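Just final_38.txt here, compact mmCIF, C-alpha atoms:
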```txt
# COMPACT_ATOMS: atom_id res chain seq x y z
CA MET A 1 56.76 -88.83 206.97
CA MET A 2 58.06 -85.41 205.92
CA ARG A 3 61.48 -86.17 207.45
CA GLN A 4 61.64 -89.43 205.49
CA LEU A 5 60.77 -87.73 202.20
CA LEU A 6 63.16 -84.80 202.55
CA PRO A 7 66.40 -86.70 201.75
CA LEU A 8 64.76 -88.16 198.65
CA LEU A 9 63.58 -84.74 197.52
CA LEU A 10 67.06 -83.35 197.89
CA LEU A 11 68.38 -86.03 195.55
CA LEU A 12 65.91 -85.23 192.74
CA PRO A 13 67.34 -83.18 189.83
CA LEU A 14 66.14 -79.61 189.49
CA ALA A 15 63.91 -78.74 186.54
CA GLY A 16 66.02 -78.20 183.45
CA SER A 17 69.05 -79.89 184.99
CA ARG A 18 68.42 -83.49 183.96
CA PRO A 19 71.67 -85.31 183.21
CA ALA A 20 72.25 -85.95 179.54
CA ALA A 21 71.15 -89.35 178.28
CA PRO A 22 74.10 -91.63 177.59
CA ALA A 23 75.20 -92.02 174.00
CA ASP A 24 74.38 -95.72 174.10
CA ASN A 25 70.69 -94.77 174.20
CA LEU A 26 71.10 -94.09 170.50
CA ALA A 27 71.78 -97.78 169.91
CA SER A 28 68.05 -98.36 170.45
CA ILE A 29 67.12 -96.13 167.48
CA LYS A 30 66.18 -98.16 164.41
CA LEU A 31 66.97 -96.57 161.03
CA PRO A 32 67.10 -97.88 157.45
CA ALA A 33 70.38 -99.46 156.39
CA GLY A 34 73.20 -96.97 155.85
CA PHE A 35 71.81 -94.31 158.21
CA ARG A 36 73.26 -93.38 161.57
CA ILE A 37 72.22 -91.08 164.41
CA SER A 38 74.47 -89.09 166.73
CA TYR A 39 74.16 -86.21 169.17
CA TYR A 40 74.57 -82.76 167.65
CA ALA A 41 74.03 -81.16 171.06
CA GLN A 42 72.98 -82.35 174.53
CA ARG A 43 71.59 -80.51 177.55
CA VAL A 44 69.55 -78.18 175.33
CA GLY A 45 66.65 -77.77 177.74
CA GLY A 46 63.28 -78.39 176.09
CA ALA A 47 64.61 -78.19 172.52
CA ARG A 48 61.79 -77.47 170.05
CA SER A 49 61.81 -75.57 166.73
CA LEU A 50 65.05 -75.24 164.74
CA ALA A 51 66.33 -72.59 162.34
CA LEU A 52 69.63 -72.14 160.51
CA GLY A 53 71.62 -68.93 160.43
CA PRO A 54 73.71 -67.94 157.38
CA ASP A 55 76.92 -68.72 159.28
CA GLY A 56 75.78 -72.25 160.10
CA THR A 57 74.59 -71.53 163.65
CA VAL A 58 71.48 -73.48 164.62
CA TYR A 59 68.86 -71.62 166.67
CA VAL A 60 66.56 -73.52 169.01
CA GLY A 61 63.21 -72.41 170.38
CA THR A 62 61.60 -73.84 173.52
CA ARG A 63 58.29 -73.92 175.33
CA GLY A 64 60.06 -72.59 178.41
CA ASP A 65 61.39 -69.04 178.35
CA LYS A 66 64.70 -69.38 176.49
CA VAL A 67 66.08 -69.39 172.96
CA TYR A 68 69.45 -71.03 172.30
CA ALA A 69 72.17 -70.85 169.67
CA LEU A 70 74.31 -73.86 168.70
CA PRO A 71 77.41 -72.80 166.75
CA ASP A 72 79.62 -75.39 165.03
CA ARG A 73 82.68 -73.39 164.05
CA ASN A 74 85.03 -76.33 163.51
CA LYS A 75 82.48 -78.11 161.27
CA ASP A 76 82.71 -81.42 163.12
CA HIS A 77 78.91 -81.85 163.06
CA LYS A 78 78.60 -81.19 166.78
CA ALA A 79 77.71 -77.94 168.52
CA ASP A 80 80.72 -76.27 170.10
CA GLU A 81 78.64 -74.79 172.92
CA ILE A 82 75.11 -73.85 173.93
CA ILE A 83 74.54 -70.09 174.05
CA THR A 84 71.42 -68.60 175.64
CA VAL A 85 70.36 -65.91 173.19
CA ALA A 86 67.30 -64.74 175.13
CA ALA A 87 65.53 -65.56 178.39
CA GLY A 88 62.34 -64.47 180.14
CA LEU A 89 60.17 -64.98 177.05
CA ASN A 90 56.67 -66.47 176.88
CA GLU A 91 57.02 -69.92 175.32
CA PRO A 92 59.33 -68.89 172.43
CA ASN A 93 58.68 -72.09 170.50
CA GLY A 94 59.02 -70.66 166.98
CA VAL A 95 62.29 -69.54 165.38
CA ALA A 96 63.10 -68.40 161.83
CA VAL A 97 66.00 -66.52 160.23
CA ARG A 98 65.82 -63.90 157.47
CA ASN A 99 68.43 -61.37 156.29
CA GLY A 100 70.64 -61.96 159.33
CA ALA A 101 67.80 -61.46 161.82
CA LEU A 102 66.36 -64.08 164.15
CA TYR A 103 62.56 -64.05 164.38
CA VAL A 104 61.02 -65.61 167.49
CA GLY A 105 57.38 -66.56 167.92
CA GLU A 106 55.99 -66.23 171.44
CA ILE A 107 52.36 -66.97 172.29
CA SER A 108 51.10 -63.47 171.49
CA ARG A 109 54.10 -61.74 169.86
CA ILE A 110 56.63 -62.01 167.08
CA LEU A 111 60.07 -60.65 168.00
CA ARG A 112 63.09 -59.88 165.83
CA PHE A 113 66.73 -59.96 166.93
CA ASP A 114 68.74 -58.06 164.32
CA ASN A 115 72.32 -59.00 163.33
CA ILE A 116 71.98 -62.07 165.51
CA ALA A 117 75.31 -63.65 164.52
CA THR A 118 77.26 -60.76 166.03
CA THR A 119 75.04 -60.05 169.04
CA LEU A 120 73.90 -63.45 170.29
CA ARG A 121 76.23 -63.47 173.32
CA GLN A 122 74.92 -60.10 174.49
CA LYS A 123 71.28 -61.17 175.03
CA PRO A 124 70.23 -58.47 172.58
CA LYS A 125 67.04 -56.47 173.03
CA PRO A 126 64.55 -57.49 170.33
CA ALA A 127 62.29 -55.39 168.18
CA VAL A 128 58.59 -56.23 168.44
CA VAL A 129 57.37 -57.15 164.96
CA TYR A 130 53.76 -57.93 165.91
CA ASP A 131 52.01 -58.10 169.29
CA GLN A 132 48.32 -58.56 168.52
CA LEU A 133 48.13 -62.36 168.49
CA PRO A 134 45.81 -64.00 171.05
CA ASP A 135 47.30 -64.67 174.47
CA LYS A 136 45.52 -68.00 175.06
CA GLU A 137 48.00 -70.65 176.19
CA HIS A 138 45.99 -73.68 175.04
CA HIS A 139 47.59 -74.54 171.67
CA GLY A 140 49.11 -71.06 171.82
CA TRP A 141 52.76 -71.91 171.12
CA LYS A 142 53.86 -70.97 167.61
CA TYR A 143 55.77 -72.63 164.78
CA ILE A 144 56.97 -69.94 162.38
CA SER A 145 58.72 -70.01 159.01
CA PHE A 146 59.29 -67.80 155.98
CA GLY A 147 57.58 -68.99 152.81
CA PRO A 148 58.71 -68.79 149.19
CA ASP A 149 56.76 -65.53 148.95
CA GLY A 150 59.05 -63.93 151.56
CA LYS A 151 56.26 -63.68 154.13
CA LEU A 152 56.31 -64.99 157.69
CA TYR A 153 53.77 -67.74 158.31
CA VAL A 154 52.26 -67.95 161.80
CA PRO A 155 49.58 -70.42 162.98
CA VAL A 156 47.08 -69.70 165.74
CA GLY A 157 45.81 -72.91 167.33
CA ALA A 158 42.31 -73.51 168.68
CA PRO A 159 42.06 -72.45 172.36
CA CYS A 160 40.39 -75.75 173.29
CA ASN A 161 40.12 -79.44 172.49
CA VAL A 162 37.12 -78.73 170.28
CA CYS A 163 34.93 -75.61 170.26
CA LEU A 164 33.63 -72.78 168.13
CA PRO A 165 36.39 -70.20 168.74
CA GLU A 166 35.38 -66.72 169.83
CA GLU A 167 37.64 -64.96 167.32
CA PRO A 168 38.08 -65.83 163.63
CA ILE A 169 41.89 -65.90 163.93
CA PHE A 170 41.79 -69.07 166.04
CA ALA A 171 42.36 -72.40 164.24
CA THR A 172 44.11 -70.76 161.28
CA ILE A 173 47.45 -70.36 159.55
CA ASN A 174 48.33 -66.75 158.73
CA ARG A 175 51.08 -64.81 157.05
CA MET A 176 52.48 -61.31 157.39
CA ASN A 177 55.18 -59.15 155.88
CA PRO A 178 58.57 -59.34 157.62
CA ASP A 179 57.84 -56.00 159.31
CA GLY A 180 54.56 -57.28 160.78
CA THR A 181 52.21 -55.53 158.38
CA GLY A 182 49.65 -57.10 156.09
CA LEU A 183 48.40 -59.95 158.29
CA GLU A 184 46.12 -62.29 156.36
CA THR A 185 44.74 -65.78 156.87
CA VAL A 186 45.77 -68.45 154.37
CA ALA A 187 44.19 -71.60 155.86
CA TYR A 188 41.09 -72.10 158.02
CA GLY A 189 39.83 -74.97 160.16
CA VAL A 190 43.31 -75.93 161.38
CA ARG A 191 43.04 -77.16 164.98
CA ASN A 192 46.71 -77.10 165.94
CA SER A 193 49.52 -76.99 163.40
CA VAL A 194 53.03 -77.05 164.84
CA GLY A 195 54.83 -77.73 161.59
CA PHE A 196 54.70 -76.76 157.92
CA ASP A 197 56.88 -76.53 154.83
CA TRP A 198 56.62 -75.83 151.12
CA SER A 199 57.02 -78.34 148.33
CA PRO A 200 60.30 -77.80 146.47
CA LEU A 201 58.45 -78.80 143.28
CA ASP A 202 55.41 -76.51 143.15
CA LYS A 203 55.83 -74.32 146.29
CA ALA A 204 52.49 -75.49 147.75
CA LEU A 205 52.12 -75.24 151.52
CA TRP A 206 51.95 -78.56 153.42
CA PHE A 207 51.29 -78.77 157.16
CA THR A 208 50.64 -81.21 159.98
CA ASP A 209 47.53 -80.84 162.14
CA ASN A 210 46.74 -82.57 165.41
CA GLY A 211 43.28 -84.14 165.62
CA ARG A 212 40.94 -83.67 168.57
CA ASP A 213 41.09 -85.74 171.77
CA MET A 214 38.46 -87.79 173.60
CA LEU A 215 36.95 -89.71 170.68
CA GLY A 216 38.75 -92.94 171.61
CA ASP A 217 42.14 -94.51 171.02
CA ASP A 218 41.91 -94.87 167.27
CA ARG A 219 40.23 -91.74 166.01
CA PRO A 220 40.63 -89.25 164.66
CA ALA A 221 43.89 -89.52 162.75
CA ASP A 222 46.35 -86.66 162.82
CA GLU A 223 46.58 -85.05 159.40
CA LEU A 224 49.12 -84.05 156.77
CA ASN A 225 47.46 -81.38 154.66
CA ARG A 226 48.25 -79.65 151.37
CA ALA A 227 47.14 -76.07 150.69
CA PRO A 228 47.98 -75.17 147.08
CA THR A 229 45.87 -72.00 147.34
CA ALA A 230 44.90 -69.62 150.13
CA GLY A 231 41.46 -69.70 151.71
CA LEU A 232 40.84 -73.45 152.03
CA HIS A 233 39.01 -74.79 155.10
CA PHE A 234 40.35 -78.01 156.64
CA GLY A 235 37.38 -78.88 158.82
CA PHE A 236 37.88 -77.85 162.46
CA PRO A 237 35.67 -78.03 164.50
CA TYR A 238 33.17 -79.75 162.22
CA VAL A 239 35.15 -82.50 160.51
CA PHE A 240 38.25 -84.50 161.43
CA GLN A 241 40.56 -86.58 159.21
CA GLY A 242 38.34 -85.57 156.27
CA ASP A 243 35.56 -88.08 156.97
CA ILE A 244 34.55 -87.95 160.67
CA LEU A 245 31.87 -85.48 161.66
CA ASP A 246 32.35 -84.10 165.16
CA PRO A 247 29.58 -85.48 167.40
CA GLN A 248 28.67 -81.99 168.62
CA PHE A 249 29.74 -79.45 166.02
CA GLY A 250 29.41 -81.64 162.93
CA LYS A 251 25.64 -81.88 163.02
CA GLY A 252 24.18 -80.75 159.71
CA LYS A 253 27.59 -80.50 158.05
CA GLN A 254 28.87 -82.36 154.98
CA THR A 255 32.41 -83.74 154.94
CA SER A 256 32.72 -82.86 151.25
CA THR A 257 32.50 -79.16 152.13
CA TYR A 258 35.99 -79.23 153.63
CA THR A 259 39.45 -80.03 152.29
CA ALA A 260 40.45 -83.60 153.10
CA PRO A 261 43.97 -84.41 154.30
CA ALA A 262 46.62 -85.39 151.80
CA GLN A 263 47.56 -88.23 154.17
CA LYS A 264 45.96 -89.57 157.33
CA LEU A 265 48.59 -90.11 160.01
CA GLY A 266 48.40 -92.19 163.19
CA PRO A 267 45.71 -91.32 165.76
CA HIS A 268 47.04 -89.04 168.50
CA VAL A 269 50.66 -89.37 167.35
CA ALA A 270 51.12 -85.58 167.72
CA ALA A 271 52.68 -84.94 164.32
CA LEU A 272 54.77 -81.78 164.54
CA GLY A 273 57.58 -80.08 162.60
CA MET A 274 57.51 -81.70 159.15
CA LYS A 275 60.10 -80.99 156.47
CA PHE A 276 60.63 -81.82 152.83
CA TYR A 277 64.02 -83.41 152.37
CA THR A 278 65.93 -81.13 149.99
CA GLY A 279 69.46 -82.32 150.72
CA LYS A 280 71.74 -84.54 148.65
CA MET A 281 73.30 -86.76 151.34
CA PHE A 282 70.43 -89.26 151.57
CA PRO A 283 69.73 -91.69 148.72
CA ALA A 284 67.80 -90.29 145.77
CA GLN A 285 64.49 -91.87 146.76
CA TYR A 286 64.29 -89.56 149.79
CA ARG A 287 64.60 -86.30 147.86
CA ASN A 288 61.50 -84.10 147.91
CA GLN A 289 59.84 -86.54 150.33
CA ILE A 290 58.33 -85.54 153.68
CA PHE A 291 59.77 -86.40 157.09
CA ILE A 292 57.47 -85.95 160.10
CA PRO A 293 58.52 -86.04 163.77
CA GLU A 294 55.73 -87.62 165.81
CA HIS A 295 55.98 -86.30 169.36
CA GLY A 296 53.89 -89.14 170.77
CA SER A 297 50.44 -89.74 172.21
CA TRP A 298 49.51 -88.58 175.70
CA ASN A 299 45.86 -89.68 175.96
CA ARG A 300 45.87 -93.11 174.36
CA SER A 301 45.66 -96.33 176.39
CA SER A 302 48.56 -97.76 174.36
CA LYS A 303 51.17 -95.16 173.41
CA ILE A 304 52.12 -94.59 169.78
CA GLY A 305 54.26 -92.08 167.91
CA TYR A 306 57.62 -91.17 169.49
CA ARG A 307 59.23 -91.66 166.08
CA ILE A 308 59.98 -90.04 162.73
CA THR A 309 57.83 -91.08 159.80
CA LEU A 310 58.22 -90.70 156.06
CA VAL A 311 55.41 -89.67 153.73
CA THR A 312 56.25 -90.30 150.10
CA VAL A 313 54.82 -88.12 147.35
CA ASP A 314 54.53 -88.68 143.61
CA ALA A 315 56.72 -87.10 140.93
CA SER A 316 54.38 -84.12 140.64
CA GLY A 317 54.74 -83.39 144.34
CA LYS A 318 50.97 -83.05 144.67
CA LYS A 319 49.86 -86.45 145.95
CA ALA A 320 50.93 -88.50 148.97
CA THR A 321 51.60 -92.13 148.04
CA GLY A 322 52.73 -93.78 151.29
CA TYR A 323 53.28 -93.46 155.04
CA GLN A 324 55.87 -95.47 156.93
CA THR A 325 58.22 -95.39 159.90
CA PHE A 326 61.70 -94.00 159.23
CA ALA A 327 63.23 -93.81 162.73
CA SER A 328 61.92 -95.40 165.92
CA GLY A 329 63.13 -96.51 169.35
CA TRP A 330 62.39 -93.52 171.57
CA LEU A 331 59.44 -95.53 172.92
CA GLN A 332 60.44 -98.73 174.70
CA GLY A 333 57.34 -100.69 175.65
CA GLN A 334 55.16 -97.99 177.18
CA GLN A 335 58.04 -95.85 178.43
CA SER A 336 59.60 -93.08 176.33
CA TRP A 337 63.08 -91.64 176.77
CA GLY A 338 62.75 -89.12 173.94
CA ARG A 339 60.14 -87.22 171.92
CA PRO A 340 61.07 -85.86 168.46
CA VAL A 341 59.74 -82.35 167.79
CA ALA A 342 61.20 -80.54 164.78
CA LEU A 343 63.55 -81.10 161.84
CA LEU A 344 66.17 -79.10 159.97
CA VAL A 345 67.89 -80.08 156.72
CA MET A 346 71.51 -78.97 156.99
CA PRO A 347 73.65 -77.71 154.09
CA ASP A 348 75.57 -81.00 153.99
CA GLY A 349 72.29 -82.92 153.69
CA ALA A 350 72.18 -84.28 157.25
CA LEU A 351 68.88 -84.06 159.12
CA LEU A 352 68.79 -82.46 162.57
CA VAL A 353 66.06 -83.54 165.00
CA SER A 354 65.12 -81.75 168.23
CA ASP A 355 63.88 -83.62 171.30
CA ASP A 356 62.23 -81.80 174.21
CA GLN A 357 62.17 -84.82 176.52
CA ASN A 358 65.81 -85.84 176.07
CA ASP A 359 66.82 -82.12 175.90
CA CYS A 360 68.96 -82.50 172.81
CA VAL A 361 69.39 -82.20 169.06
CA TYR A 362 70.29 -85.30 167.06
CA ARG A 363 72.00 -85.55 163.69
CA ILE A 364 70.88 -88.23 161.23
CA SER A 365 73.34 -88.87 158.42
CA TYR A 366 73.84 -91.39 155.64
CA GLY A 367 77.07 -93.22 155.00
CA GLY A 368 76.18 -95.41 152.06
```
Written form, structure tokens:
Amino acid sequence: MMRQLLPLLLLLPLAGSRPAAPADNLASIKLPAGFRISYYAQRVGGARSLALGPDGTVYVGTRGDKVYALPDRNKDHKADEIITVAAGLNEPNGVAVRNGALYVGEISRILRFDNIATTLRQKPKPAVVYDQLPDKEHHGWKYISFGPDGKLYVPVGAPCNVCLPEEPIFATINRMNPDGTGLETVAYGVRNSVGFDWSPLDKALWFTDNGRDMLGDDRPADELNRAPTAGLHFGFPYVFQGDILDPQFGKGKQTSTYTAPAQKLGPHVAALGMKFYTGKMFPAQYRNQIFIPEHGSWNRSSKIGYRITLVTVDASGKKATGYQTFASGWLQGQQSWGRPVALLVMPDGALLVSDDQNDCVYRISYGG
């Protein structure tokens, strides 16, 4: 039997070396009229969080060990090459740029690569900004971003499906000064946020949160939350989707004690790196609205997600008014060929989308 299997094993692609999906795969993506999708970069292994450098270079985090840079020097809306900025890291999912430095969020550390635009080919040695985050791998990967207050926001997911965490920093969103000092918690009861942004209208923090597993196919919903002030509690592990008490930890609790979601999302869709659309390329009705990549369900008998959704908000920017599909087609029947992860609004108004199954970054544009 072993001799029969060996030739087949030799033909299998090595991890990280999957051939790029053909461009005609994109023909299966459904978008509203006038929009188109193209490849910004392919063969970007495990592409996750995205950040933009001041020179237009896009930085890509992963849940492997590498961070990539995608320069587009000729401005043709495609990456010229894929440069490995750093390797040997511990799930460097989070990336952010400030004052010419690239910040990278590992599971337990925040790193900083200074003058990244001029040193990215040299695999520069980073400075350690903060190294006291928990080292638990369960929900340990980080999404990081600088807020309007100039501070770096860093979530710490729950180290479990549902539990009472041992340390108060679990199931929170935190912020710190750019030099790593002044760590403080801004949101509590957040099971696993892998995406957040600030309203361009009132600067309030909005974030996605993944609901618990093992309560059935259709509950609880993932959440889109709004945190206009620091210190709010969003329910974990007692309450999910604002109105479901956890069968174990919710006993004796009242749902009204906790902040309800601004919008219930699909159950188990794995809503990740949301962004407000602040560009000018898309039609006016999309401005200041929220796009959410839904990575896709893993524990549901019928798969859902694997798409990008749109949450509309009112003119004040404080209330969600609708939830609908914007881009779909990565799930064909019950088989997926791609999983959207994170978004980036480019200076020209196009929307970049990372995909850690198809190992790529897409560009969604509007042509009228």
task = Identify, on the basis of only C-alpha atoms, every residue whose closest approach to Gly235 in chain A does not exceed 12 Å; exclude the query and any residue fewer than 5 positions from it along the same chain; express the result as JSON, numbers by chain.
result = {"A": [162, 164, 171, 172, 187, 188, 189, 190, 191, 192, 209, 211, 212, 223, 225, 240, 241, 242, 243, 244, 245, 246, 249, 250, 253, 254, 255, 256, 257, 258, 259, 260, 261]}
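In this model, the gap between CA of Cys360 in chain A and CA of Ser193 in chain A comes to 22.3 Å.
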Could you build a table of the residues in range 101-193 of chain A lying no more than 12 Å from range 328-350 of chain A, giving for each the nearest pair of atoms and their separation in Å rounded to one decimal place, using all atoms listed in the file, ordered by chain and ascending residue number, as CSV?
```
residue,atom,partner,partner_atom,distance
A:Tyr143,CA,A:Ala342,CA,9.6
A:Ile144,CA,A:Ala342,CA,11.7
A:Ser145,CA,A:Leu344,CA,11.8
```
Just want the 8 Å neighbourhood of range 66-83 of chain A, counted on all atoms listed in the file, with same-chain residues fewer than 3 positions away dropped. Output as a PDB file with C-alpha atoms, in the coordinates of the input.
```
ATOM      1  CA  TYR A  39      74.160 -86.210 169.170  1.00  0.00           C
ATOM      2  CA  TYR A  40      74.570 -82.760 167.650  1.00  0.00           C
ATOM      3  CA  ALA A  41      74.030 -81.160 171.060  1.00  0.00           C
ATOM      4  CA  VAL A  44      69.550 -78.180 175.330  1.00  0.00           C
ATOM      5  CA  GLY A  56      75.780 -72.250 160.100  1.00  0.00           C
ATOM      6  CA  THR A  57      74.590 -71.530 163.650  1.00  0.00           C
ATOM      7  CA  VAL A  58      71.480 -73.480 164.620  1.00  0.00           C
ATOM      8  CA  TYR A  59      68.860 -71.620 166.670  1.00  0.00           C
ATOM      9  CA  VAL A  60      66.560 -73.520 169.010  1.00  0.00           C
ATOM     10  CA  GLY A  61      63.210 -72.410 170.380  1.00  0.00           C
ATOM     11  CA  THR A  62      61.600 -73.840 173.520  1.00  0.00           C
ATOM     12  CA  ARG A  63      58.290 -73.920 175.330  1.00  0.00           C
ATOM     13  CA  ALA A  86      67.300 -64.740 175.130  1.00  0.00           C
ATOM     14  CA  ALA A  87      65.530 -65.560 178.390  1.00  0.00           C
ATOM     15  CA  GLY A  88      62.340 -64.470 180.140  1.00  0.00           C
ATOM     16  CA  LEU A  89      60.170 -64.980 177.050  1.00  0.00           C
ATOM     17  CA  GLU A  91      57.020 -69.920 175.320  1.00  0.00           C
ATOM     18  CA  PRO A  92      59.330 -68.890 172.430  1.00  0.00           C
ATOM     19  CA  LEU A 120      73.900 -63.450 170.290  1.00  0.00           C
ATOM     20  CA  ARG A 121      76.230 -63.470 173.320  1.00  0.00           C
ATOM     21  CA  ARG A 363      72.000 -85.550 163.690  1.00  0.00           C
TER      22      ARG A 363
END
```
message = So that I can check the surroundings of Ala270 in chain A, please list as a list in words every protein, DNA and RNA residue that reaches within 7 Å of it, counting only C-alpha atoms and ignoring chain neighbours fewer than 2 positions away.
response = Asn210, Asp222, His268, Leu272, Glu294, His295, Gly296 and Ser297 of chain A
query = In Å to one decimal, how far is CA of Asp355 in chain A from CA of Leu31 in chain A?
reply =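 Result for CA of Leu31 in chain A versus CA of Asp355 in chain A: 16.8 Å, one decimal.
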Near range 197-206 of chain A, 8 Å: range 281-343 of chain A residue rows, closest pairs, all atoms listed in the file, as a Markdown table:
```
| residue | atom | partner | partner_atom | distance |
| --- | --- | --- | --- | --- |
| A:Asn288 | CA | A:Pro200 | CA | 6.6 |
| A:Ser316 | CA | A:Leu201 | CA | 7.2 |
| A:Gly317 | CA | A:Leu201 | CA | 6.0 |
```
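The residues that lie within 9 Å of the point (54.2, -69.6, 157.7), counting all atoms listed in the file, are Tyr143, Ile144, Ser145, Phe146, Gly147, Lys151, Leu152, Tyr153, Val154, Pro155, Ile173, Asn174, Arg175, Met176, Phe196, Asp197 and Leu205 of chain A.
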Of the listed residues A:Arg307, A:Lys318, A:Arg219, A:His138, that which approaches Ser28 in chain A most closely, counting only C-alpha atoms =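 Distance minimum relative to Ser28 in chain A lands on A:Arg307.
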request  = Would you list the residues near (66.5, -89.8, 151.8), meaning any protein, DNA or RNA residue with an atom at most 10 Å from that point in file coordinates, counting all atoms listed in the file, as a ChimeraX atom specification?
outcome  = /A:32,35,276-291,310,326,349-351,365-366
Keeping only C-alpha atoms, write the selected residues to a file as a PDB file, in the frame of the given file.
```
ATOM      1  CA  PRO A  32      67.100 -97.880 157.450  1.00  0.00           C
ATOM      2  CA  PHE A  35      71.810 -94.310 158.210  1.00  0.00           C
ATOM      3  CA  PHE A 276      60.630 -81.820 152.830  1.00  0.00           C
ATOM      4  CA  TYR A 277      64.020 -83.410 152.370  1.00  0.00           C
ATOM      5  CA  THR A 278      65.930 -81.130 149.990  1.00  0.00           C
ATOM      6  CA  GLY A 279      69.460 -82.320 150.720  1.00  0.00           C
ATOM      7  CA  LYS A 280      71.740 -84.540 148.650  1.00  0.00           C
ATOM      8  CA  MET A 281      73.300 -86.760 151.340  1.00  0.00           C
ATOM      9  CA  PHE A 282      70.430 -89.260 151.570  1.00  0.00           C
ATOM     10  CA  PRO A 283      69.730 -91.690 148.720  1.00  0.00           C
ATOM     11  CA  ALA A 284      67.800 -90.290 145.770  1.00  0.00           C
ATOM     12  CA  GLN A 285      64.490 -91.870 146.760  1.00  0.00           C
ATOM     13  CA  TYR A 286      64.290 -89.560 149.790  1.00  0.00           C
ATOM     14  CA  ARG A 287      64.600 -86.300 147.860  1.00  0.00           C
ATOM     15  CA  ASN A 288      61.500 -84.100 147.910  1.00  0.00           C
ATOM     16  CA  GLN A 289      59.840 -86.540 150.330  1.00  0.00           C
ATOM     17  CA  ILE A 290      58.330 -85.540 153.680  1.00  0.00           C
ATOM     18  CA  PHE A 291      59.770 -86.400 157.090  1.00  0.00           C
ATOM     19  CA  LEU A 310      58.220 -90.700 156.060  1.00  0.00           C
ATOM     20  CA  PHE A 326      61.700 -94.000 159.230  1.00  0.00           C
ATOM     21  CA  GLY A 349      72.290 -82.920 153.690  1.00  0.00           C
ATOM     22  CA  ALA A 350      72.180 -84.280 157.250  1.00  0.00           C
ATOM     23  CA  LEU A 351      68.880 -84.060 159.120  1.00  0.00           C
ATOM     24  CA  SER A 365      73.340 -88.870 158.420  1.00  0.00           C
ATOM     25  CA  TYR A 366      73.840 -91.390 155.640  1.00  0.00           C
TER      26      TYR A 366
END
```
key: Among the residues A:Lys136, A:Pro54, A:Ile304, A:Gly64, the one that comes closest to Ala117 in chain A [using only C-alpha atoms]   =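 Closest residue, counting only C-alpha atoms: A:Pro54.
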query = Taking only C-alpha atoms into account, which of A:Ser301, A:Gln357, A:Asn93, A:Gln132 comes nearest Arg109 in chain A?
reply =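 Going through A:Ser301, A:Gln357, A:Asn93, A:Gln132 one by one, the smallest distance to Arg109 in chain A is for A:Gln132.
Distance check against Cys160 in chain A using only C-alpha atoms: of A:Pro237, A:Arg36, A:Thr309, A:Leu102, the minimum falls on A:Pro237.
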inquiry  = Counting all atoms listed in the file, which residue out of A:Asp359, A:Pro148, A:Gly180, A:Ala101 sits closest to Leu133 in chain A?
reply    =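 The shortest atom-to-atom distance to Leu133 in chain A comes from A:Gly180.
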ask   = Which residue gives the smallest distance to Ala262 in chain A among A:Asp114, A:Asp314, A:Asp65, A:Glu137, with all atoms listed in the file counted?
value =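 The answer is A:Asp314, which sits nearest to Ala262 in chain A.
Taking CA of Lys275 in chain A and CA of Ile292 in chain A as endpoints, the distance between them is 6.7 Å.
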